[in-house]
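Shown next, in structure tokens, is the structure this report addresses.
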Amino acid sequence: MKALHIVFIASWFAGLFYLPRIFVNLAMVPPGSVAERERLLLMARKLYRFMMPLAVLALALGLWLWLGYGIGRGPGNGWMHAKLAIVLLLIGYHLWCGRVLSKFARNESTPGHVWFRWFNEAPVLMLLAAVILVVVKPF
């Protein structure tokens with residue numbers, strides 16, 4: 001179960017890393033480049049649809065490990081509460097990406113490419129924090 005959890009987490013994160021990169025490119029598309037914009041939107045939609053089951057499986061397996069096997073339960077496992085907070089932030093980030101994609105699809109105003117470059121760093125920081133919590137178990 002733990003191996004599958006790690007595989008689905010890694011796969012989900014691949015999407016969380018790449019989708020905002022597509023947003024960077026979408027934000028840089030010149031106004032008259034309809035074909036380029038549509039191609040990037042198609043890529044982003046397919047990636048987001050692919051990411052959803054990966055996220056669900058990663059979360060389901062994580063819950064199974066936590067509730068079914070008791071990993072991170074009991075005294076001395078405060079690290080798990082911090083990790084769960086990060087997981088909630090990741091779910092919010094994932095859903096936020098879906099809203100951003102919808103805005104691009106509706107041709108609504110979105111932030112510029114520089115903003116999306118910074119936006120792309122959030123999952124890296126959350127992954128780093130989660131891995132440190134799981135490996136080091138500082139509290």
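By convention here, the chains of the structure tokens are called A, B, ... in the order presented, each chain's residues are numbered starting at 1, and ligands are numbered starting at 1 in the order presented.
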
Polymer residues at most 12 Å from range 120-135 of chain A, only C-alpha atoms, same-chain spacing of 2 or more positions, as a PyMOL selection string: chain A and resi 6+9-10+12-24+71-72+77-94+96-97+113-118+137-139

Item to complete: Would you return as a PyMOL selection string the members of range 6-138 of chain A that DSSP assigns to alpha helix (DSSP H) on this structure's backbone?
Response: chain A and resi 6-28+34-63+78-105+113-119+122-136

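Neighbouring residues of Met51 in chain A at 8 Å or closer, counting only C-alpha atoms and skipping chain neighbours under 2 positions away, are Ser11, Trp12, Gly15, Leu16, Leu47, Tyr48, Arg49, Pro53, Leu54 and Ala55 of chain A.
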
The distance between CA of Ala44 in chain A and CA of Leu101 in chain A is 7.2 Å

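A straight line drawn from CA of Glu38 in chain A to CA of Glu108 in chain A is 14.4 Å long.
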
Restricting to only C-alpha atoms, whichever of A:Ala105, A:Leu40, A:Val29, A:Ala60 is closest to Leu4 in chain A is A:Ala60

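The space between CA of Lys46 in chain A and CA of Phe104 in chain A spans 14.1 Å.
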